[in-house]
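So this block is model-v6.cif, mmCIF, C-alpha atoms:
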```cif
data_my_file
#
loop_
_atom_site.label_atom_id
_atom_site.label_comp_id
_atom_site.auth_asym_id
_atom_site.auth_seq_id
_atom_site.Cartn_x
_atom_site.Cartn_y
_atom_site.Cartn_z
CA MET A 12 0.00 0.00 0.00
CA LEU A 13 2.95 2.35 0.60
CA GLN A 14 4.07 2.37 -3.03
CA GLU A 15 0.67 2.70 -4.68
CA THR A 16 0.62 4.92 -7.73
CA GLY A 17 -3.14 5.26 -7.38
CA THR A 18 -4.28 4.07 -10.79
CA GLU A 19 -4.44 0.30 -10.37
CA TRP A 20 -8.16 0.49 -9.78
CA LEU A 21 -8.78 1.76 -13.30
CA SER A 22 -7.72 -1.55 -14.76
CA GLN A 23 -9.25 -3.89 -12.20
CA GLU A 24 -12.63 -5.47 -12.58
CA VAL A 25 -15.47 -3.83 -10.73
CA LYS A 26 -17.00 -6.24 -8.27
CA THR A 27 -19.86 -5.91 -5.90
CA GLY A 28 -17.80 -7.51 -3.09
CA THR A 29 -20.88 -7.69 -1.02
CA THR A 30 -23.09 -9.27 1.50
CA ILE A 31 -26.58 -10.22 0.41
CA ILE A 32 -29.29 -12.05 2.29
CA ALA A 33 -32.90 -13.08 1.71
CA VAL A 34 -35.17 -14.55 4.38
CA GLU A 35 -38.62 -16.08 4.06
CA PHE A 36 -41.32 -15.45 6.65
CA ASP A 37 -44.93 -16.51 6.79
CA GLY A 38 -46.55 -14.26 4.21
CA GLY A 39 -43.52 -12.83 2.43
CA VAL A 40 -39.80 -12.29 2.21
CA VAL A 41 -37.21 -9.78 3.38
CA LEU A 42 -34.11 -9.06 1.26
CA GLY A 43 -31.07 -7.13 2.42
CA SER A 44 -27.77 -5.98 0.97
CA ASP A 45 -24.84 -3.70 1.71
CA SER A 46 -23.90 -0.89 -0.69
CA ARG A 47 -20.18 -1.13 -1.47
CA VAL A 48 -18.80 -1.62 -4.99
CA SER A 49 -15.06 -2.16 -5.19
CA ALA A 50 -12.46 -2.22 -7.96
CA GLY A 51 -9.43 -3.81 -6.37
CA ALA A 52 -8.71 -1.83 -3.23
CA SER A 53 -10.81 1.19 -4.23
CA VAL A 54 -14.44 1.74 -3.40
CA VAL A 55 -15.98 3.04 -6.61
CA ASN A 56 -19.54 3.33 -5.33
CA ARG A 57 -20.46 3.46 -1.65
CA VAL A 58 -24.22 3.74 -2.05
CA MET A 59 -25.18 1.18 -4.69
CA ASN A 60 -28.51 -0.54 -4.24
CA LYS A 61 -27.91 -4.20 -4.99
CA LEU A 62 -31.54 -5.18 -4.61
CA SER A 63 -32.90 -5.07 -8.12
CA PRO A 64 -36.59 -5.46 -9.03
CA LEU A 65 -37.47 -8.21 -11.50
CA HIS A 66 -41.19 -7.60 -11.13
CA ASP A 67 -43.55 -5.85 -8.71
CA LYS A 68 -43.25 -8.53 -6.05
CA ILE A 69 -40.06 -10.28 -7.12
CA TYR A 70 -36.60 -8.89 -6.38
CA CYS A 71 -33.11 -10.22 -6.83
CA ALA A 72 -29.94 -9.50 -4.84
CA LEU A 73 -26.73 -9.02 -6.86
CA SER A 74 -23.23 -10.21 -6.01
CA GLY A 75 -19.99 -11.00 -7.80
CA SER A 76 -19.01 -9.07 -10.91
CA ALA A 77 -21.09 -5.87 -11.02
CA ALA A 78 -21.46 -5.87 -14.79
CA ASP A 79 -22.46 -9.53 -15.03
CA ALA A 80 -24.97 -9.31 -12.19
CA GLN A 81 -26.64 -6.14 -13.46
CA THR A 82 -26.89 -7.52 -16.97
CA ILE A 83 -28.48 -10.77 -15.83
CA ALA A 84 -30.98 -8.82 -13.77
CA GLU A 85 -31.90 -6.55 -16.70
CA VAL A 86 -32.29 -9.43 -19.13
CA VAL A 87 -34.47 -11.39 -16.70
CA HIS A 88 -36.54 -8.27 -15.95
CA TYR A 89 -37.32 -8.05 -19.66
CA GLN A 90 -38.00 -11.77 -20.06
CA LEU A 91 -40.30 -11.78 -17.04
CA ASP A 92 -42.24 -8.80 -18.44
CA VAL A 93 -42.88 -10.66 -21.67
CA HIS A 94 -43.78 -13.84 -19.79
CA SER A 95 -46.27 -12.09 -17.51
CA ILE A 96 -48.03 -10.53 -20.50
CA GLU A 97 -48.23 -13.95 -22.15
CA ILE A 98 -49.81 -15.63 -19.13
CA ASP A 99 -51.87 -12.51 -18.32
CA GLU A 100 -51.13 -12.60 -14.59
CA ASP A 101 -48.30 -11.95 -12.12
CA PRO A 102 -45.38 -14.35 -12.62
CA GLN A 103 -44.33 -16.90 -10.03
CA VAL A 104 -41.13 -16.43 -8.06
CA ARG A 105 -40.02 -19.85 -9.27
CA SER A 106 -40.32 -18.66 -12.89
CA ALA A 107 -38.09 -15.67 -12.22
CA ALA A 108 -35.56 -17.86 -10.44
CA THR A 109 -35.61 -20.34 -13.31
CA LEU A 110 -34.90 -17.58 -15.84
CA VAL A 111 -31.94 -16.40 -13.76
CA ARG A 112 -30.73 -19.94 -13.36
CA ASN A 113 -30.91 -20.63 -17.10
CA ILE A 114 -28.64 -17.69 -17.87
CA SER A 115 -26.24 -18.47 -15.00
CA TYR A 116 -25.94 -22.09 -16.07
CA LYS A 117 -25.67 -21.58 -19.82
CA TYR A 118 -22.96 -18.95 -19.50
CA LYS A 119 -21.32 -20.22 -16.35
CA GLU A 120 -17.83 -20.16 -17.86
CA GLU A 121 -18.11 -16.51 -18.89
CA LEU A 122 -20.08 -15.05 -16.03
CA SER A 123 -19.15 -14.68 -12.42
CA ALA A 124 -22.19 -13.45 -10.59
CA HIS A 125 -24.48 -14.96 -8.00
CA LEU A 126 -28.05 -13.75 -7.74
CA ILE A 127 -30.47 -14.61 -4.96
CA VAL A 128 -34.09 -14.37 -6.16
CA ALA A 129 -36.87 -13.77 -3.65
CA GLY A 130 -40.46 -12.59 -3.74
CA TRP A 131 -44.10 -13.30 -3.09
CA ASP A 132 -46.69 -14.91 -5.31
CA ARG A 133 -50.24 -16.03 -4.77
CA ARG A 134 -49.56 -19.74 -5.19
CA ASP A 135 -46.71 -20.39 -2.74
CA GLY A 136 -46.44 -17.19 -0.70
CA GLY A 137 -42.96 -15.96 0.18
CA GLN A 138 -40.08 -17.86 -1.43
CA VAL A 139 -36.29 -17.55 -1.57
CA PHE A 140 -34.24 -19.21 -4.31
CA ALA A 141 -30.47 -19.52 -4.57
CA THR A 142 -28.98 -19.72 -8.09
CA LEU A 143 -25.27 -20.13 -7.37
CA SER A 144 -23.31 -21.45 -10.36
CA GLY A 145 -26.48 -22.34 -12.18
CA LEU A 146 -28.25 -24.52 -9.65
CA LEU A 147 -31.75 -23.76 -8.47
CA THR A 148 -32.79 -24.48 -4.93
CA ARG A 149 -35.47 -23.13 -2.67
CA GLN A 150 -34.30 -22.38 0.86
CA PRO A 151 -35.80 -20.84 4.01
CA PHE A 152 -33.06 -18.22 3.80
CA ALA A 153 -30.00 -17.59 1.64
CA VAL A 154 -26.82 -15.56 2.11
CA GLY A 155 -24.32 -14.70 -0.58
CA GLY A 156 -21.34 -12.57 -1.51
CA SER A 157 -17.88 -12.36 0.00
CA GLY A 158 -19.20 -11.21 3.35
CA SER A 159 -21.48 -14.20 3.71
CA SER A 160 -18.67 -16.54 4.86
CA TYR A 161 -18.33 -14.59 8.09
CA VAL A 162 -21.97 -14.87 9.04
CA TYR A 163 -22.78 -18.51 8.26
CA GLY A 164 -22.36 -19.37 11.92
CA PHE A 165 -24.54 -16.48 13.03
CA VAL A 166 -27.40 -17.23 10.63
CA ASP A 167 -27.26 -20.97 11.36
CA ALA A 168 -27.60 -20.27 15.06
CA GLU A 169 -30.12 -17.43 14.95
CA PHE A 170 -32.54 -18.32 12.16
CA ARG A 171 -35.87 -19.76 13.24
CA ARG A 172 -38.86 -20.62 11.12
CA GLY A 173 -42.03 -18.69 11.86
CA MET A 174 -40.47 -15.28 12.51
CA SER A 175 -42.62 -12.21 11.99
CA LYS A 176 -41.82 -9.58 9.37
CA GLU A 177 -40.26 -7.23 11.93
CA GLU A 178 -38.13 -10.01 13.42
CA CYS A 179 -36.94 -10.92 9.93
CA GLN A 180 -36.00 -7.32 9.21
CA GLN A 181 -34.04 -7.15 12.45
CA PHE A 182 -32.36 -10.47 11.66
CA VAL A 183 -31.34 -9.17 8.20
CA VAL A 184 -29.99 -5.89 9.60
CA ASN A 185 -27.97 -7.70 12.29
CA THR A 186 -26.52 -10.10 9.75
CA LEU A 187 -25.54 -7.32 7.35
CA SER A 188 -23.97 -5.33 10.15
CA LEU A 189 -21.84 -8.27 11.33
CA ALA A 190 -20.70 -9.05 7.80
CA ILE A 191 -19.87 -5.42 7.03
CA ASN A 192 -17.71 -5.29 10.14
CA ARG A 193 -15.58 -8.23 9.06
CA ASP A 194 -15.54 -8.12 5.26
CA GLY A 195 -13.44 -5.45 3.56
CA SER A 196 -15.51 -5.70 0.37
CA SER A 197 -18.80 -4.95 2.14
CA GLY A 198 -19.77 -1.65 3.63
CA GLY A 199 -21.77 1.53 3.40
CA VAL A 200 -25.46 1.45 4.15
CA ALA A 201 -27.93 -1.41 4.37
CA TYR A 202 -30.80 -1.63 1.90
CA ILE A 203 -33.79 -3.66 3.06
CA VAL A 204 -36.73 -4.69 0.87
CA SER A 205 -39.80 -6.37 2.38
CA ILE A 206 -42.30 -8.05 0.08
CA ASP A 207 -45.68 -9.47 1.08
CA GLU A 208 -49.14 -9.74 -0.41
CA HIS A 209 -49.90 -6.12 0.40
CA GLY A 210 -46.93 -4.68 -1.46
CA THR A 211 -43.24 -3.94 -1.52
CA GLU A 212 -41.46 -1.69 0.96
CA GLU A 213 -37.92 -0.37 0.43
CA LYS A 214 -35.88 0.95 3.32
CA VAL A 215 -32.37 2.27 3.92
CA VAL A 216 -30.51 1.90 7.21
CA LEU A 217 -27.63 4.38 7.32
CA GLY A 218 -24.17 3.42 8.56
CA ASN A 219 -24.42 5.00 11.98
CA ASP A 220 -27.83 3.43 12.59
CA LEU A 221 -26.59 -0.11 12.08
CA PRO A 222 -26.39 -2.27 15.23
CA THR A 223 -23.01 -2.29 16.99
CA PHE A 224 -21.26 -5.06 18.90
CA PHE A 225 -18.97 -5.45 21.83
CA ASP A 226 -15.78 -4.23 20.18
CA GLN A 227 -17.15 -0.98 18.74
CA MET B 7 -11.52 -10.48 -4.33
CA GLU B 8 -10.22 -13.63 -2.73
CA GLN B 9 -6.87 -15.28 -3.31
CA THR B 10 -6.61 -19.00 -2.92
CA ARG B 11 -3.43 -20.27 -1.41
CA VAL B 12 -2.14 -23.61 -2.62
CA PRO B 13 -1.47 -25.65 0.50
CA PRO B 14 2.09 -26.94 0.81
CA PRO B 15 2.53 -30.70 0.55
CA GLY B 16 2.14 -32.56 3.79
CA LYS B 17 -0.56 -32.80 6.33
CA ARG B 18 -2.76 -29.81 6.74
CA LEU B 19 -4.31 -29.24 10.09
CA LYS B 20 -7.41 -27.17 9.64
CA ARG B 21 -10.00 -26.33 12.12
CA VAL B 22 -11.61 -23.91 14.39
CA VAL B 23 -10.14 -22.73 17.60
CA SER B 24 -11.70 -20.25 19.87
CA PRO B 25 -10.31 -19.52 23.25
CA VAL B 26 -12.31 -16.99 25.11
CA SER B 27 -10.52 -14.96 27.68
CA LEU B 28 -12.33 -14.60 30.95
CA TYR B 29 -11.05 -13.62 34.31
CA PRO B 30 -10.21 -15.82 36.11
CA SER B 31 -10.64 -18.83 33.84
CA LYS B 32 -10.54 -19.44 30.20
CA PRO B 33 -12.11 -22.16 28.08
CA LEU B 34 -10.25 -23.32 25.01
CA CYS B 35 -12.11 -25.20 22.39
CA LEU B 36 -11.15 -27.11 19.29
CA SER B 37 -12.67 -29.44 16.80
CA ASP B 38 -10.79 -32.41 15.75
CA ARG B 39 -10.23 -33.34 12.18
CA LEU B 40 -6.76 -33.62 10.68
CA SER B 41 -7.03 -33.77 6.92
CA LEU B 42 -4.74 -34.53 4.02
CA ARG B 43 -6.87 -32.88 1.34
CA ALA B 44 -9.68 -35.44 0.97
CA TYR B 45 -8.32 -38.04 3.36
CA ILE B 46 -8.87 -37.67 7.06
CA ALA B 47 -5.63 -38.76 8.67
CA ASN B 48 -6.92 -38.57 12.20
CA ARG B 49 -10.48 -37.85 13.25
CA VAL B 50 -9.80 -37.49 16.94
CA THR B 51 -6.70 -35.30 17.05
CA ASP B 52 -6.02 -33.25 20.11
CA LYS B 53 -5.16 -29.78 18.90
CA LEU B 54 -5.05 -28.29 22.39
CA THR B 55 -1.45 -28.70 23.43
CA PRO B 56 -0.15 -27.97 26.92
CA ILE B 57 2.90 -25.74 26.99
CA HIS B 58 3.10 -25.41 30.73
CA ASP B 59 0.88 -26.14 33.74
CA ARG B 60 -1.50 -23.30 33.09
CA ILE B 61 -0.68 -22.36 29.50
CA PHE B 62 -2.14 -24.09 26.46
CA CYS B 63 -1.93 -23.46 22.76
CA CYS B 64 -4.45 -24.14 19.99
CA ARG B 65 -2.82 -25.22 16.74
CA SER B 66 -3.98 -24.62 13.17
CA GLY B 67 -2.29 -24.81 9.77
CA SER B 68 0.30 -27.46 9.05
CA ALA B 69 0.23 -30.19 11.69
CA ALA B 70 3.95 -30.84 11.37
CA ASP B 71 4.92 -27.19 11.69
CA THR B 72 2.73 -26.51 14.69
CA GLN B 73 3.82 -29.65 16.52
CA ALA B 74 7.45 -28.73 15.98
CA ILE B 75 6.98 -25.15 17.17
CA ALA B 76 4.99 -26.24 20.20
CA ASP B 77 7.73 -28.68 21.18
CA VAL B 78 10.39 -26.00 20.88
CA VAL B 79 8.40 -23.48 22.90
CA THR B 80 7.59 -26.05 25.58
CA TYR B 81 11.30 -26.65 26.02
CA GLN B 82 12.21 -22.95 26.03
CA LEU B 83 9.45 -22.08 28.48
CA GLY B 84 10.31 -24.93 30.81
CA PHE B 85 13.92 -23.77 30.90
CA HIS B 86 12.92 -20.14 31.47
CA SER B 87 10.56 -21.10 34.26
CA ILE B 88 13.30 -23.01 36.08
CA GLU B 89 15.65 -20.04 35.75
CA LEU B 90 13.04 -17.70 37.21
CA ASP B 91 11.93 -20.22 39.81
CA GLU B 92 8.29 -19.28 39.30
CA PRO B 93 5.49 -20.09 36.86
CA PRO B 94 5.97 -18.35 33.51
CA LEU B 95 3.75 -15.57 32.19
CA VAL B 96 1.31 -16.27 29.35
CA GLU B 97 2.74 -13.25 27.55
CA THR B 98 6.16 -14.86 27.66
CA ALA B 99 4.88 -18.06 26.09
CA ALA B 100 3.10 -16.03 23.41
CA ASN B 101 6.27 -14.10 22.65
CA LEU B 102 8.24 -17.33 22.29
CA PHE B 103 5.69 -18.53 19.74
CA ARG B 104 5.85 -15.24 17.94
CA ALA B 105 9.62 -15.30 17.81
CA SER B 106 9.66 -18.68 16.06
CA CYS B 107 6.70 -17.95 13.79
CA TYR B 108 8.12 -14.61 12.66
CA ARG B 109 11.71 -15.68 12.15
CA TYR B 110 10.76 -18.66 10.01
CA ARG B 111 7.67 -17.10 8.46
CA GLU B 112 8.67 -18.05 4.87
CA GLU B 113 8.90 -21.72 5.72
CA LEU B 114 6.07 -22.15 8.20
CA THR B 115 2.31 -22.35 7.96
CA ALA B 116 1.19 -22.02 11.53
CA GLY B 117 -1.69 -20.13 13.11
CA ILE B 118 -1.57 -20.43 16.87
CA LEU B 119 -3.66 -19.19 19.76
CA VAL B 120 -1.89 -19.07 23.14
CA ALA B 121 -4.08 -18.99 26.20
CA GLY B 122 -3.58 -19.47 29.90
CA TRP B 123 -3.61 -18.05 33.37
CA ASP B 124 -0.90 -16.36 35.37
CA ARG B 125 -0.85 -14.47 38.64
CA ARG B 126 -0.02 -11.10 37.11
CA LYS B 127 -2.84 -10.62 34.57
CA GLY B 128 -5.17 -13.55 35.17
CA GLY B 129 -6.73 -15.17 32.12
CA GLN B 130 -5.29 -14.05 28.78
CA VAL B 131 -5.58 -14.94 25.11
CA TYR B 132 -2.89 -14.09 22.58
CA CYS B 133 -3.25 -14.58 18.85
CA VAL B 134 -0.18 -15.49 16.73
CA PRO B 135 -1.51 -15.84 13.17
CA ILE B 136 0.39 -16.86 10.03
CA GLY B 137 3.18 -14.34 9.49
CA GLY B 138 4.08 -13.98 13.13
CA MET B 139 2.04 -11.10 14.51
CA LEU B 140 1.23 -11.01 18.23
CA VAL B 141 -1.87 -9.42 19.65
CA ARG B 142 -3.80 -9.91 22.85
CA GLN B 143 -7.57 -10.17 22.44
CA PRO B 144 -10.49 -10.94 24.74
CA VAL B 145 -11.70 -13.54 22.26
CA SER B 146 -10.08 -15.04 19.22
CA VAL B 147 -10.84 -17.62 16.56
CA GLY B 148 -8.54 -19.27 14.06
CA GLY B 149 -8.20 -21.99 11.46
CA SER B 150 -10.06 -22.61 8.22
CA GLY B 151 -13.44 -22.87 9.90
CA SER B 152 -13.03 -19.62 11.75
CA SER B 153 -14.30 -17.43 8.88
CA TYR B 154 -17.78 -18.84 9.32
CA ILE B 155 -18.11 -17.89 12.96
CA TYR B 156 -16.77 -14.33 13.09
CA GLY B 157 -20.32 -13.02 12.88
CA PHE B 158 -21.55 -15.42 15.56
CA MET B 159 -18.72 -14.54 17.97
CA ASP B 160 -19.08 -10.80 17.38
CA SER B 161 -22.76 -10.91 18.21
CA ASN B 162 -22.71 -13.40 21.10
CA TYR B 163 -19.58 -12.52 23.05
CA LYS B 164 -20.06 -10.06 25.88
CA PRO B 165 -17.32 -8.95 28.26
CA ASN B 166 -17.39 -10.46 31.77
CA MET B 167 -19.22 -13.68 31.04
CA THR B 168 -19.05 -16.54 33.53
CA LYS B 169 -16.99 -19.65 32.91
CA ASP B 170 -20.02 -21.76 31.98
CA GLN B 171 -21.28 -19.15 29.56
CA CYS B 172 -17.86 -19.09 27.92
CA LEU B 173 -17.77 -22.87 27.62
CA GLU B 174 -21.22 -22.88 26.08
CA LEU B 175 -20.29 -20.14 23.65
CA THR B 176 -17.10 -21.83 22.48
CA ALA B 177 -18.78 -25.23 22.11
CA ALA B 178 -21.62 -23.64 20.11
CA ALA B 179 -19.20 -21.71 17.92
CA VAL B 180 -17.07 -24.72 17.10
CA SER B 181 -20.18 -26.81 16.33
CA LEU B 182 -21.42 -24.16 13.91
CA ALA B 183 -18.07 -24.00 12.19
CA MET B 184 -17.82 -27.77 11.96
CA GLU B 185 -21.15 -27.84 10.19
CA ARG B 186 -19.98 -25.47 7.47
CA ASP B 187 -16.27 -26.20 7.10
CA GLY B 188 -15.31 -29.41 5.33
CA SER B 189 -11.92 -29.49 7.04
CA SER B 190 -13.36 -29.32 10.55
CA GLY B 191 -15.22 -32.09 12.28
CA GLY B 192 -15.09 -35.02 14.65
CA VAL B 193 -15.32 -34.15 18.32
CA VAL B 194 -15.09 -30.88 20.21
CA ARG B 195 -12.36 -30.56 22.80
CA LEU B 196 -12.68 -28.00 25.56
CA ALA B 197 -10.19 -26.87 28.17
CA SER B 198 -10.81 -24.42 30.94
CA ILE B 199 -7.80 -22.86 32.68
CA SER B 200 -7.87 -20.95 35.93
CA LYS B 201 -5.75 -20.46 39.01
CA ASP B 202 -7.10 -23.76 40.32
CA GLY B 203 -5.80 -25.70 37.33
CA VAL B 204 -6.96 -27.11 34.01
CA GLU B 205 -10.24 -28.87 33.34
CA ARG B 206 -10.57 -30.78 30.06
CA ARG B 207 -13.68 -32.08 28.40
CA VAL B 208 -14.71 -33.74 25.15
CA ILE B 209 -18.08 -33.35 23.45
CA LEU B 210 -18.77 -36.25 21.13
CA GLY B 211 -20.47 -35.91 17.75
CA ASN B 212 -23.92 -37.02 18.85
CA GLN B 213 -23.88 -34.70 21.85
CA LEU B 214 -23.21 -31.54 19.85
CA PRO B 215 -25.92 -28.88 19.67
CA LYS B 216 -27.91 -29.17 16.47
CA TYR B 217 -28.26 -26.20 14.15
CA SER B 218 -29.98 -27.69 11.15
CA THR B 219 -31.83 -25.13 9.09
CA HIS B 220 -33.40 -27.52 6.61
#
```
Starting from the file, lay out its structure as structure tokens.
Amino acid sequence: MLQETGTEWLSQEVKTGTTIIAVEFDGGVVLGSDSRVSAGASVVNRVMNKLSPLHDKIYCALSGSAADAQTIAEVVHYQLDVHSIEIDEDPQVRSAATLVRNISYKYKEELSAHLIVAGWDRRDGGQVFATLSGLLTRQPFAVGGSGSSYVYGFVDAEFRRGMSKEECQQFVVNTLSLAINRDGSSGGVAYIVSIDEHGTEEKVVLGNDLPTFFDQ
Amino acid sequence: MEQTRVPPPGKRLKRVVSPVSLYPSKPLCLSDRLSLRAYIANRVTDKLTPIHDRIFCCRSGSAADTQAIADVVTYQLGFHSIELDEPPLVETAANLFRASCYRYREELTAGILVAGWDRRKGGQVYCVPIGGMLVRQPVSVGGSGSSYIYGFMDSNYKPNMTKDQCLELTAAAVSLAMERDGSSGGVVRLASISKDGVERRVILGNQLPKYSTH
């Protein structure tokens, strides 16, 4: 770091280092992400919203290469629009996740992005799908991104089925805060999106409002 | 961005260690698997090594390297303690580890946690990671499985816990790490060190707390 000329970041790939999380509760889902985008050791965007809408009640959380993840999300947003017009009703979360998975699997050698797809539909309620490396699996909750390694223990210990929406939101904020503290590629603010049958709610928790722990 | 390090040939000792410092006693806790890439060489290793009566070390990294360093430090500390004619300080033991780990940093792969009790400062935990740094911390984790439990330790550790709370926390943390880390597993070994001595315990696989989320 002492001999940096200051321009390495111009030639390094832009990654959303990241911590992302999606949790299912009875009646909906809560998604959360941090807001840091890094190119090497530089933070190129400290307020990026990594929770991207695929449809009114279906969102995805982006991680990995920023360009790859954004492009997948845009393509699937378009494909889902067409699909929902064809079937003349709101699409299922599983359909959105399948579209993401198809792209991730077909181009898995060229792409390096992991999207978590979560939302609410009338048939199965709140659902969370992981699409890492082109698999498709439904899970009660999913974490992803470089910061997720540090919080696997925490989420394994603290997650319970049957939490309320507010408890889920608190769980997501705590998890993001812990990951941000340990992972150099995660930081900034926390974006939280809550989706249930009544609608979608987007919230921002600023840095100084995040929960703190014993060593802060 | 993450860099993957190619492990050197030879046995790789990977697991989770988490001593928690607590006045006056301190539980040490390790899981047990010694792995040679995909082959488990020993599924009941004891990675908590006594260095002196009330000083233990937790070993991670290359099994050969850490065993060799621990043997050297045990000898040096024993000699020093006889010269002084009193029990050695935990900080002294930690500095001996650091001296070896730093001097031979190019050749070694050793992450060590030194923990114990002495009359001057009570219970202490010192972290000597790969590279040979030395830092005292109230709580420390190490090994390949440690990444997964940083969040859990940050949120659940509070200063001034009792001995039983510490033991429960370390056992829970190691269990969680064992569930996620392929190189950690087997049994959980605990050691609690205080002015009254050392208490050792083993928690077998079927007695571990269950954290299944599926």
Under the rule of at most 7 Å, produce a per-residue listing of chain A near chain B: chain, number, name, the closest pair of atoms, and the distance in Å, as CSV, using all atoms listed in the file.
```
residue,atom,partner,partner_atom,distance
A:Ser160,CA,B:Tyr154,CA,5.1
A:Tyr161,CA,B:Tyr154,CA,4.5
A:Val162,CA,B:Gly157,CA,4.6
A:Tyr163,CA,B:Tyr154,CA,5.1
A:Gly164,CA,B:Ile155,CA,4.6
A:Phe165,CA,B:Phe158,CA,4.1
A:Asp167,CA,B:Tyr217,CA,6.0
A:Ala168,CA,B:Tyr217,CA,6.0
A:Leu189,CA,B:Gly157,CA,5.2
A:Ala190,CA,B:Gly157,CA,6.5
A:Phe224,CA,B:Ser161,CA,6.1
A:Phe225,CA,B:Lys164,CA,6.2
```
* I would like the residues chosen by the PyMOL selection byres ((chain B and resi 120) around 8) on the shown file; could you give them as a list of chain:residue names? => B:Ile61, B:Phe62, B:Cys63, B:Cys64, B:Val96, B:Ala99, B:Ala100, B:Ile118, B:Leu119, B:Ala121, B:Gly122, B:Val131, B:Tyr132, B:Cys133, B:Val134
* **Ref. answer, residues at most 10 Å from (-33.1, -26.9, -0.8) with all atoms listed in the file, as an MDAnalysis selection string** => (chainID A and resid 139:141 147:152) or (chainID B and resid 220)
Include C-alpha atoms and write out the residues we just selected as a PDB file, in the coordinates of the input.
```pdb
ATOM      1  CA  VAL A 139     -36.290 -17.550  -1.570  1.00  0.00           C
ATOM      2  CA  PHE A 140     -34.240 -19.210  -4.310  1.00  0.00           C
ATOM      3  CA  ALA A 141     -30.470 -19.520  -4.570  1.00  0.00           C
ATOM      4  CA  LEU A 147     -31.750 -23.760  -8.470  1.00  0.00           C
ATOM      5  CA  THR A 148     -32.790 -24.480  -4.930  1.00  0.00           C
ATOM      6  CA  ARG A 149     -35.470 -23.130  -2.670  1.00  0.00           C
ATOM      7  CA  GLN A 150     -34.300 -22.380   0.860  1.00  0.00           C
ATOM      8  CA  PRO A 151     -35.800 -20.840   4.010  1.00  0.00           C
ATOM      9  CA  PHE A 152     -33.060 -18.220   3.800  1.00  0.00           C
TER      10      PHE A 152
ATOM     11  CA  HIS B 220     -33.400 -27.520   6.610  1.00  0.00           C
TER      12      HIS B 220
END
```
* Please evaluate the PyMOL selection byres ((chain A and resi 44) around 10) against the displayed coordinates and give the resulting residues as a ChimeraX atom specification. => /A:29-33,42-43,45-47,59-62,72-74,154-156,183-184,186-188,191,197-204,215
* How would you write, as a list in words, the residues chosen by the PyMOL selection byres ((chain B and resi 111) around 12) on this structure? -> Asp71, Ile75, Phe103, Arg104, Ala105, Ser106, Cys107, Tyr108, Arg109, Tyr110, Glu112, Glu113, Leu114, Thr115, Ala116, Gly117, Val134, Pro135, Ile136, Gly137, Gly138 and Met139 of chain B
* Residues near range 77-93 of chain A, cut-off 10 Å, only C-alpha atoms, skip fewer than 5 positions along chain, as JSON, numbers by chain -> {"A": [24, 25, 26, 27, 28, 48, 49, 50, 61, 62, 63, 64, 65, 66, 69, 70, 71, 72, 98, 99, 101, 102, 103, 106, 107, 108, 109, 110, 111, 112, 113, 114, 115, 121, 122, 123, 124, 125, 126, 128]}
Keeping only C-alpha atoms, write the selected residues to a file as a tab-separated table (two decimals), in the coordinates of the input.
```tsv
chain	number	residue	atom	x	y	z
A	24	GLU	CA	-12.63	-5.47	-12.58
A	25	VAL	CA	-15.47	-3.83	-10.73
A	26	LYS	CA	-17.00	-6.24	-8.27
A	27	THR	CA	-19.86	-5.91	-5.90
A	28	GLY	CA	-17.80	-7.51	-3.09
A	48	VAL	CA	-18.80	-1.62	-4.99
A	49	SER	CA	-15.06	-2.16	-5.19
A	50	ALA	CA	-12.46	-2.22	-7.96
A	61	LYS	CA	-27.91	-4.20	-4.99
A	62	LEU	CA	-31.54	-5.18	-4.61
A	63	SER	CA	-32.90	-5.07	-8.12
A	64	PRO	CA	-36.59	-5.46	-9.03
A	65	LEU	CA	-37.47	-8.21	-11.50
A	66	HIS	CA	-41.19	-7.60	-11.13
A	69	ILE	CA	-40.06	-10.28	-7.12
A	70	TYR	CA	-36.60	-8.89	-6.38
A	71	CYS	CA	-33.11	-10.22	-6.83
A	72	ALA	CA	-29.94	-9.50	-4.84
A	98	ILE	CA	-49.81	-15.63	-19.13
A	99	ASP	CA	-51.87	-12.51	-18.32
A	101	ASP	CA	-48.30	-11.95	-12.12
A	102	PRO	CA	-45.38	-14.35	-12.62
A	103	GLN	CA	-44.33	-16.90	-10.03
A	106	SER	CA	-40.32	-18.66	-12.89
A	107	ALA	CA	-38.09	-15.67	-12.22
A	108	ALA	CA	-35.56	-17.86	-10.44
A	109	THR	CA	-35.61	-20.34	-13.31
A	110	LEU	CA	-34.90	-17.58	-15.84
A	111	VAL	CA	-31.94	-16.40	-13.76
A	112	ARG	CA	-30.73	-19.94	-13.36
A	113	ASN	CA	-30.91	-20.63	-17.10
A	114	ILE	CA	-28.64	-17.69	-17.87
A	115	SER	CA	-26.24	-18.47	-15.00
A	121	GLU	CA	-18.11	-16.51	-18.89
A	122	LEU	CA	-20.08	-15.05	-16.03
A	123	SER	CA	-19.15	-14.68	-12.42
A	124	ALA	CA	-22.19	-13.45	-10.59
A	125	HIS	CA	-24.48	-14.96	-8.00
A	126	LEU	CA	-28.05	-13.75	-7.74
A	128	VAL	CA	-34.09	-14.37	-6.16
```
* Structure fact -> The distance between CA of Trp123 in chain B and CA of Gly203 in chain B is 8.9 Å
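Across the model, the gap from CA of Tyr116 in chain A to CA of Val41 in chain A is 25.6 Å.
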